[in-house]
Amino acid sequence: MNLDLAAVLPVVWFFIIGFAVLMYVLLDGFVLGIGILSPFADDEHQRDQMMNTAAPIWDGNETWLILGIAGLYAAFPRAYALILSTLYLPALLMMVGLVFRGVAFEFRFKAHKTRWVWGLGFHLGSLAVAFAQGVFLGALVEGMPLEGGKYLGGAFSWFSPFAVMTGCALVFGYGLLGATWLFMKTDGRTQRIAADLARPLMMVVIAFMLMVSVWVPFINAQVMQRWFTWPNLLYLAPVPLLTVLVAGLLWRAVLTDREVQSFRWAMALFVLGFIGLAAGIWPDIVPPHLTIWQAASPVTSQGFTLVGALLMIPVVLGYTVYSYRVFRGKVHAGEGYH
Amino acid sequence: MLDGELLSRIQFGFVVSFHILFPSFSIGLASWLVFLEGVWLWKRTDLWRDLYFFWLKVFAVAFGMGVVSGIVMSFQFGTNWSRLSEAAGSILGPLLNYEVLTAFFLEASFLGVMLFGWNRVGHVTHFLATCMVALGTLISTFWIMAANSWMQTPAGYTIEHGVFVPTDWWKVIFNPSLPLSFLHMAMAAFLTTAMVVGGVAAWYLLRGRFGDRAQAMLKAAVAFVALVIPLQIFVGDASGLEVLQTQPAKLAAIEANWTTARGVPWTLFAIPDTGTESNRYAIEIPKVGSLILTHQLNGKVPGLKSFPPQDRPPVTPVFFAFRVMVALGFAMLGLSWLGLWWWRRHTLFDRRWYLRLWLAMAPAGFIAVLAGWYTREIGRQPWVIYGVMRTADAFSGVPAASVLVSLIAFALVYAVAFGFGAYYLVKLFRAGPTPAPQRPVVLPGHSAARPLSAAHDAVELP
């Protein structure tokens with residue numbers, strides 16, 4: 001069998017990078033969500049309890065973002081270069097947010113008089129990261145028109161109502177993940193706060209998903225064609241149908257206070273939304289003009305990196321599961337690892 | 001008129017200078033923690049466990065700052081140097097990808113167990129987690145040095161349509177510069193940590209605090225530095241020979257040697273003058289330059305004038321940065337061997353001036369690391385990939401105003417984040433190796449919930 005590597009490898013890498021980004025969105029999503037919701041805590045002890053649910057695992061979660069970025073750099077260097085240099089200011093916002101959010105985990109528990117600074121840094125940092133990532137998503141889905149392989153636009157050419165809307169949507173989306181995570185991992189008053197937040201957040205998130213679904217086909221003709229022509233309509237039909245089902249299950253789980261199920265269905269909703277957007281973008285890596293084959297690095301680069309990815313990703317998943325198992329169970333009020 | 005490229009250079013220099021400080025410290029700290037926990041498992045005395053937990057807290061802060069400043073780095077190549085990424089992402093990307101897959105996840109996952117798992121896993125498992133984190137830091141060093149070394153001495157590639165196409169990954173990874181620069185960097189990180197450990201110990205001894213713990217730390221630091229600094233100087237010398245072969249213009253700038261000649265003197269001090277292509281106020285030792293650089297009294301040393309002006313690196317910063325690094329290296333040698341001598345005579349802790357010297361030298365490793373990096377990176381200019389791609393051709397073309405905004409933002413954010421980080425590190429050092437959490441000591445009138453309160457130190461006075 002003669003396998004055309006130049007045709008196949010970019011497809012494989014599209015899925016690997018997609019997987020890494022999805023893992024990131026799910027795992028760091030709930031940690032960022034904790035940051036977004038942290039002002040709703042009654043006092044610093046509750047904030048401790050919230051942060052302690054994520055303190056041992058947040059760094060590993062964030063590493064999936066680095067894998068996505070490094071994967072893009074290795075497999076689709078043109079896309080990496082184009083996206084980051086074009087979305088320079090949102091990227092800056094995300095980096096600054098990640099700095100504050102990250103150091104807050106270490107600093108807040110070392111600080112006494114300046115503790116509030118890092119509570120604030122944790123919140124604003126998480127908020128900035130979530131919004132910036134939503135803008136990235138919106139700008140990417142909307143497309144970056146190229147001329148002669150180069151993007152022609154100023155510092156704010158990414159700015160659009162749609163990108164701002166997806167930015168806000170992701171803030172609420174991560175908030176929902178955070179609320180359901182806290183609902184599952186905490187007890188007492190903190191758990192009650194999380195449950196009370198989960199309900200409105202869930203409704204807002206479902207509304208945002210509807211809005212994106214209606215809006216996207218009109219701004220991106222390719223997406224319209226992808227979804228609303230026969231037989232694609234048939235192949236892709238399970239995604240919206242499952243989304244409706246999962247939204248229903250989430251609704252019931254949240255309203256009936258089911259801890260594990262709320263979190264599980266919130267995650268599932270994210271997975272489906274992610275698949276829906278990825279299916280619209282495919283086979284572009286930067287819509288509407290740069291396909292995965294055009295942006296691909298040489299076969300020797302993608303192949304060499306693939307060997308490492310296939311060997312190491314299962315190992316990484318293995319010790320990710322291990323560290324979650326070590327820190328399984330609820331984090332009680334007043335009990336910290338620190 | 002603002003120049004986006006110049007601002008981007010300043011920004012990269014700024015964010016990478018901050019970034020390199022934290023890994024240099026945490027690479028060494030991770031292995032130091034393996035040593036401390038290993039000794040504790042063997043001896044099971046409180047002293048070693050207290051030291052482990054004390055340095056673990058320091059490690060957590062340093063590592064956290066390293067992680068966030070490293071994330072910024074992973075975006076810089078795309079935001080500001082997109083043309084480098086388009087051309088060489090095919091080589092640099094896979095190397096960084098391997099770093100993430102083999103090192104970052106390992107560090108990040110086991111860091112959680114290391115920091116918070118003491119009561120949740122067995123002692124041996126906890127020790128293994130510490131080992132995994134330390135291993136991760138070293139694997140990470142390997143890959144990042146592979147990427148950096150490839151930019152110094154590119155190998156194993158061809159260029160097709162302006163894109164670097166790897167043809168032999170073995171040659172890409174084990175490029176001429178890698179072996180020595182990996183060793184040099186890893187030892188630099190270890191030495192940086194050892195100098196801090198010794199400096200902190202000396203500070204406690206000067207203040208009469210944590211007697212036996214401080215003595216154990218100072219002994220460990222003296223022994224380690226005394227053993228490793230000669231190796232470091234040897235590897236540094238070998239690197240010089242390698243640079244002479246692979247990057248002669250860099251070597252000429254390091255020595256501020258303008259004319260290619262045999263039997264060149266060694267310039268102790270000078271003010272290099274690019275205008276007249278000569279040195280002013282030079283203090284020179286005849287023949288020694290050739291001896292050091294080629295290991296022969298009449299060895300031939302390349303001069304800057306044999307390279308066209310547009311291919312020469314900036315001379316002054318490279319010349320001085322190199323001298324700062326070498327001077328600090330030999331100062332560490334003197335300091336540690338002096339200590340070794342007095343240790344043998346059982347008077348290591350007796351001289352206050354010697355302890356003060358250790359305290360003063362505590363940041364020496366950081367300064368040497370920065371100076372060494374400036375030598376290596378400024379010396380590579382005007383190339384971003386030596387001899388193949390110029391730094392000027394690597395710039396994204398982002399609007400200058402955007403870069404100005406980001407530069408100011410990074411300056412402010414780093415000042416706040418790492419300023420506070422330094423403040424918390426000082427607080428941790430001030431609190432010192434108090435009894436580890438397993439056996440909390442609660443003094444009358446003091447709450448155990450505030451383990452950092454200075455009053456606890458009283459229990460540790462000899």
# chains A, B, ... in the order shown; residues from 1 in each chain; ligands from 1
>>> select_by_dssp(residues="range 131-309 of chain B", states="strand (DSSP E or B)", output="short mmCIF file (atom, residue, chain, number, x, y, z; two decimals) with N, CA and C atoms, in the first residue's frame")
data_model
loop_
_atom_site.label_atom_id
_atom_site.label_comp_id
_atom_site.auth_asym_id
_atom_site.auth_seq_id
_atom_site.Cartn_x
_atom_site.Cartn_y
_atom_site.Cartn_z
N TYR B 157 19.93 19.84 7.44
CA TYR B 157 18.76 20.42 6.77
C TYR B 157 19.12 20.82 5.34
N THR B 158 18.10 21.01 4.52
CA THR B 158 18.26 21.74 3.27
C THR B 158 17.21 22.84 3.26
N ILE B 159 17.33 23.77 2.32
CA ILE B 159 16.32 24.83 2.23
C ILE B 159 15.56 24.68 0.92
N GLU B 160 14.24 24.56 1.03
CA GLU B 160 13.40 24.46 -0.16
C GLU B 160 12.33 25.54 -0.11
N VAL B 163 12.01 27.45 3.04
CA VAL B 163 11.67 26.73 4.27
C VAL B 163 12.77 25.73 4.59
N PHE B 164 13.15 25.68 5.87
CA PHE B 164 14.15 24.71 6.31
C PHE B 164 13.51 23.32 6.34
N VAL B 165 14.07 22.40 5.57
CA VAL B 165 13.54 21.04 5.55
C VAL B 165 14.54 20.11 6.24
N PRO B 166 14.15 19.53 7.37
CA PRO B 166 15.09 18.64 8.06
C PRO B 166 15.36 17.40 7.23
N ALA B 261 45.51 37.25 13.50
CA ALA B 261 46.96 37.17 13.72
C ALA B 261 47.30 35.91 14.51
N ARG B 262 48.61 35.63 14.56
CA ARG B 262 49.11 34.55 15.41
C ARG B 262 49.70 35.15 16.68
N TRP B 266 46.16 38.50 25.29
CA TRP B 266 44.83 38.39 25.91
C TRP B 266 44.49 39.74 26.52
N THR B 267 43.33 40.28 26.11
CA THR B 267 42.95 41.62 26.55
C THR B 267 42.16 41.51 27.85
N LEU B 268 42.79 41.97 28.92
CA LEU B 268 42.12 41.94 30.22
C LEU B 268 40.99 42.96 30.24
N PHE B 269 41.31 44.17 29.74
CA PHE B 269 40.35 45.26 29.73
C PHE B 269 40.62 46.14 28.53
N ALA B 270 39.55 46.68 27.96
CA ALA B 270 39.70 47.63 26.86
C ALA B 270 38.35 48.27 26.59
N ILE B 271 38.34 49.39 25.91
CA ILE B 271 37.10 49.97 25.39
C ILE B 271 37.14 49.77 23.88
N PRO B 272 36.41 48.77 23.36
CA PRO B 272 36.43 48.55 21.91
C PRO B 272 35.79 49.73 21.19
N ASP B 273 36.40 50.17 20.11
CA ASP B 273 35.92 51.32 19.34
C ASP B 273 35.60 50.87 17.91
N SER B 278 39.50 49.51 16.57
CA SER B 278 40.63 49.20 17.45
C SER B 278 40.16 49.33 18.90
N ASN B 279 41.03 48.95 19.84
CA ASN B 279 40.69 49.04 21.26
C ASN B 279 41.39 50.22 21.90
N ARG B 280 40.70 50.91 22.79
CA ARG B 280 41.32 51.97 23.55
C ARG B 280 41.55 51.50 24.98
N TYR B 281 42.55 52.09 25.61
CA TYR B 281 42.89 51.78 27.01
C TYR B 281 43.08 50.28 27.24
N ALA B 282 43.64 49.57 26.26
CA ALA B 282 43.75 48.12 26.38
C ALA B 282 44.83 47.73 27.39
N ILE B 283 44.49 46.77 28.24
CA ILE B 283 45.49 46.15 29.11
C ILE B 283 45.63 44.72 28.60
N GLU B 284 46.82 44.38 28.11
CA GLU B 284 46.98 43.10 27.42
C GLU B 284 48.10 42.26 28.01
N ILE B 285 47.94 40.94 27.94
CA ILE B 285 49.02 40.02 28.31
C ILE B 285 49.47 39.34 27.03
N LYS B 300 46.49 30.83 15.60
CA LYS B 300 45.90 31.90 14.80
C LYS B 300 44.50 32.22 15.33
N VAL B 301 44.27 33.49 15.61
CA VAL B 301 42.97 33.94 16.14
C VAL B 301 42.32 34.88 15.12
#
>>> residues_around(residues="Ser85 in chain B", least_positions_apart="2", cutoff="12 Å", atoms="only C-alpha atoms", output="NGL selection string")
(:A and (70 or 72-85 or 295 or 297)) or (:B and (74-83 or 87-94 or 162-164 or 384-385 or 389 or 391 or 393-396))
>>> write_last_selection(atoms="C-alpha atoms", output="mmCIF file, in the first residue's frame")
data_model
loop_
_atom_site.group_PDB
_atom_site.id
_atom_site.type_symbol
_atom_site.label_atom_id
_atom_site.label_comp_id
_atom_site.auth_asym_id
_atom_site.auth_seq_id
_atom_site.Cartn_x
_atom_site.Cartn_y
_atom_site.Cartn_z
ATOM 1 C CA ALA A 70 3.955 23.686 20.028
ATOM 2 C CA LEU A 72 0.842 24.084 15.638
ATOM 3 C CA TYR A 73 4.408 25.425 15.499
ATOM 4 C CA ALA A 74 5.800 22.037 14.465
ATOM 5 C CA ALA A 75 3.088 20.827 12.092
ATOM 6 C CA PHE A 76 1.663 24.054 10.655
ATOM 7 C CA PRO A 77 4.338 26.747 11.090
ATOM 8 C CA ARG A 78 2.630 29.125 8.679
ATOM 9 C CA ALA A 79 -0.595 28.957 10.647
ATOM 10 C CA TYR A 80 1.263 29.475 13.932
ATOM 11 C CA ALA A 81 3.083 32.494 12.508
ATOM 12 C CA LEU A 82 -0.013 33.942 10.851
ATOM 13 C CA ILE A 83 -2.449 33.517 13.736
ATOM 14 C CA LEU A 84 -0.179 34.873 16.458
ATOM 15 C CA SER A 85 1.218 37.831 14.526
ATOM 16 C CA ALA A 295 0.259 25.286 5.974
ATOM 17 C CA SER A 297 5.570 21.660 7.553
ATOM 18 C CA SER B 74 6.210 29.994 23.502
ATOM 19 C CA PHE B 75 4.146 32.780 21.914
ATOM 20 C CA GLN B 76 6.970 35.213 21.134
ATOM 21 C CA PHE B 77 8.224 33.294 18.103
ATOM 22 C CA GLY B 78 4.809 33.591 16.494
ATOM 23 C CA THR B 79 3.822 37.102 17.554
ATOM 24 C CA ASN B 80 7.061 38.976 16.898
ATOM 25 C CA TRP B 81 9.270 36.641 14.851
ATOM 26 C CA SER B 82 6.725 35.049 12.544
ATOM 27 C CA ARG B 83 9.062 34.975 9.549
ATOM 28 C CA ALA B 87 10.931 29.368 7.718
ATOM 29 C CA ALA B 88 12.288 27.345 10.642
ATOM 30 C CA GLY B 89 9.166 26.169 12.484
ATOM 31 C CA SER B 90 9.743 22.890 10.668
ATOM 32 C CA ILE B 91 12.831 22.378 12.843
ATOM 33 C CA LEU B 92 12.305 24.466 15.983
ATOM 34 C CA GLY B 93 8.662 23.380 16.327
ATOM 35 C CA PRO B 94 9.357 19.637 16.564
ATOM 36 C CA GLY B 162 12.567 29.431 1.750
ATOM 37 C CA VAL B 163 11.666 26.731 4.271
ATOM 38 C CA PHE B 164 14.151 24.706 6.308
ATOM 39 C CA VAL B 384 19.189 34.524 14.113
ATOM 40 C CA ILE B 385 20.204 31.250 12.459
ATOM 41 C CA MET B 389 19.055 33.877 8.336
ATOM 42 C CA THR B 391 17.533 38.568 12.701
ATOM 43 C CA ASP B 393 14.609 39.055 8.234
ATOM 44 C CA ALA B 394 12.903 37.169 11.061
ATOM 45 C CA PHE B 395 10.698 40.019 12.269
ATOM 46 C CA SER B 396 6.921 39.713 11.827
#
>>> atom_distance(atom1="CA of Trp258 in chain B", atom2="CA of Asp311 in chain B")
13.6 Å
>>> residues_around(residues="Met211 in chain A", least_positions_apart="4", cutoff="10 Å", atoms="only C-alpha atoms", output="list in words")
Met165, Thr166, Ala169, Val205, Ile206, Ala207, Trp215 and Val216 of chain A
>>> write_last_selection(atoms="N, CA and C atoms", output="PDB file, in the first residue's frame")
ATOM      1  N   MET A 165     -18.400  38.756  20.817  1.00  0.00           N
ATOM      2  CA  MET A 165     -19.457  37.876  21.333  1.00  0.00           C
ATOM      3  C   MET A 165     -18.878  36.525  21.765  1.00  0.00           C
ATOM      4  N   THR A 166     -18.003  35.926  20.930  1.00  0.00           N
ATOM      5  CA  THR A 166     -17.429  34.634  21.326  1.00  0.00           C
ATOM      6  C   THR A 166     -16.519  34.802  22.540  1.00  0.00           C
ATOM      7  N   ALA A 169     -18.856  34.744  25.317  1.00  0.00           N
ATOM      8  CA  ALA A 169     -19.425  33.392  25.433  1.00  0.00           C
ATOM      9  C   ALA A 169     -18.477  32.469  26.174  1.00  0.00           C
ATOM     10  N   VAL A 205     -25.153  29.968  28.729  1.00  0.00           N
ATOM     11  CA  VAL A 205     -24.275  29.243  27.807  1.00  0.00           C
ATOM     12  C   VAL A 205     -25.082  28.614  26.678  1.00  0.00           C
ATOM     13  N   ILE A 206     -26.220  28.026  27.012  1.00  0.00           N
ATOM     14  CA  ILE A 206     -27.060  27.423  25.971  1.00  0.00           C
ATOM     15  C   ILE A 206     -27.547  28.509  25.002  1.00  0.00           C
ATOM     16  N   ALA A 207     -27.868  29.669  25.547  1.00  0.00           N
ATOM     17  CA  ALA A 207     -28.288  30.771  24.686  1.00  0.00           C
ATOM     18  C   ALA A 207     -27.160  31.198  23.748  1.00  0.00           C
ATOM     19  N   TRP A 215     -25.527  32.473  13.923  1.00  0.00           N
ATOM     20  CA  TRP A 215     -24.727  33.560  13.391  1.00  0.00           C
ATOM     21  C   TRP A 215     -23.650  33.070  12.411  1.00  0.00           C
ATOM     22  N   VAL A 216     -22.968  31.994  12.794  1.00  0.00           N
ATOM     23  CA  VAL A 216     -21.798  31.544  12.031  1.00  0.00           C
ATOM     24  C   VAL A 216     -22.093  31.324  10.544  1.00  0.00           C
TER      25      VAL A 216
END
>>> closest_residue(among="B:Trp373, B:Phe224, B:Trp40, B:Phe59", to="chain A", atoms="only C-alpha atoms")
B:Phe59
>>> residues_around(residues="range 138-142 of chain A", least_positions_apart="5", cutoff="6 Å", atoms="only C-alpha atoms", output="VMD selection string")
chain A and resid 158 163 166 220
>>> residues_around(residues="range 134-142 of chain B", least_positions_apart="6", cutoff="8 Å", atoms="only C-alpha atoms", output="VMD selection string")
chain B and resid 26 to 27 30 to 31 34 99 to 100 102 to 104 106 to 107 182 185 to 186
>>> write_last_selection(atoms="C-alpha atoms", output="compact mmCIF listing (two decimals), in the first residue's frame")
# COMPACT_ATOMS: atom_id res chain seq x y z
CA SER B 26 14.56 25.64 39.49
CA ILE B 27 16.61 23.12 37.45
CA ALA B 30 14.82 20.18 41.64
CA SER B 31 17.99 18.12 41.81
CA VAL B 34 16.14 14.96 45.12
CA GLU B 99 10.12 19.33 25.11
CA VAL B 100 6.41 19.62 25.91
CA THR B 102 8.73 14.53 27.34
CA ALA B 103 9.38 17.23 29.94
CA PHE B 104 6.60 19.73 30.63
CA LEU B 106 6.21 15.15 33.46
CA GLU B 107 7.14 18.18 35.54
CA PHE B 182 23.93 21.46 27.23
CA MET B 185 23.93 25.23 30.86
CA ALA B 186 23.01 22.33 33.15
>>> select_by_dssp(residues="range 92-308 of chain A", states="helix (DSSP H, G or I)", output="ChimeraX atom specification")
/A:92-107,115-142,161-185,188-219,221-228,232-236,238-255,259-281,292-295,299-308
>>> closest_residue(among="B:Leu218, B:Ile144, B:Ala321, B:Ala108", to="Ile173 in chain B", atoms="only C-alpha atoms")
B:Ile144
>>> closest_residue(among="B:Gly4, B:Pro399, B:Gly379, B:Gly156", to="chain A", atoms="only C-alpha atoms")
B:Pro399
>>> residues_around(residues="Phe190 in chain B", least_positions_apart="5", cutoff="8 Å", atoms="only C-alpha atoms", output="list in words")
Ser24, Phe25, Ile27, Gly28 and Leu29 of chain B
>>> write_last_selection(atoms="N, CA and C atoms", output="JSON list (two decimals), in the first residue's frame")
[["chain", "number", "residue", "atom", "x", "y", "z"],
["B", 24, "SER", "N", 17.00, 28.52, 35.53],
["B", 24, "SER", "CA", 18.35, 28.30, 36.05],
["B", 24, "SER", "C", 18.29, 27.91, 37.51],
["B", 25, "PHE", "N", 17.41, 28.58, 38.24],
["B", 25, "PHE", "CA", 17.26, 28.32, 39.67],
["B", 25, "PHE", "C", 16.51, 27.00, 39.89],
["B", 27, "ILE", "N", 15.95, 24.35, 37.91],
["B", 27, "ILE", "CA", 16.61, 23.12, 37.45],
["B", 27, "ILE", "C", 17.53, 22.62, 38.56],
["B", 28, "GLY", "N", 18.31, 23.55, 39.11],
["B", 28, "GLY", "CA", 19.20, 23.18, 40.19],
["B", 28, "GLY", "C", 18.45, 22.79, 41.45],
["B", 29, "LEU", "N", 17.38, 23.56, 41.76],
["B", 29, "LEU", "CA", 16.61, 23.27, 42.98],
["B", 29, "LEU", "C", 15.98, 21.88, 42.93]]
>>> atom_distance(atom1="CA of Phe100 in chain A", atom2="CA of Gly121 in chain A")
5.4 Å
>>> atom_distance(atom1="CA of Leu304 in chain B", atom2="CA of Phe322 in chain B")
16.4 Å
>>> residues_around(residues="Met209 in chain A", least_positions_apart="4", cutoff="12 Å", atoms="only C-alpha atoms", output="list in words")
Met165, Thr166, Cys168, Ala169, Leu170, Phe172, Gly173, Met202, Met203, Val204, Val205, Ser213, Val214, Trp215, Val216, Pro240, Thr243, Val244, Ala247, Leu269, Phe270, Leu272, Gly273, Phe274, Gly276 and Leu277 of chain A
>>> closest_residue(among="B:Leu101, B:Leu41, B:Leu33, B:Leu178", to="chain A", atoms="only C-alpha atoms")
B:Leu101
>>> closest_residue(among="A:Trp293, A:Tyr235, A:Phe30, A:Phe105", to="chain B", atoms="only C-alpha atoms")
A:Phe105
>>> closest_residue(among="B:Arg120, B:Lys43, B:His19, B:His126", to="chain A", atoms="only C-alpha atoms")
B:Arg120
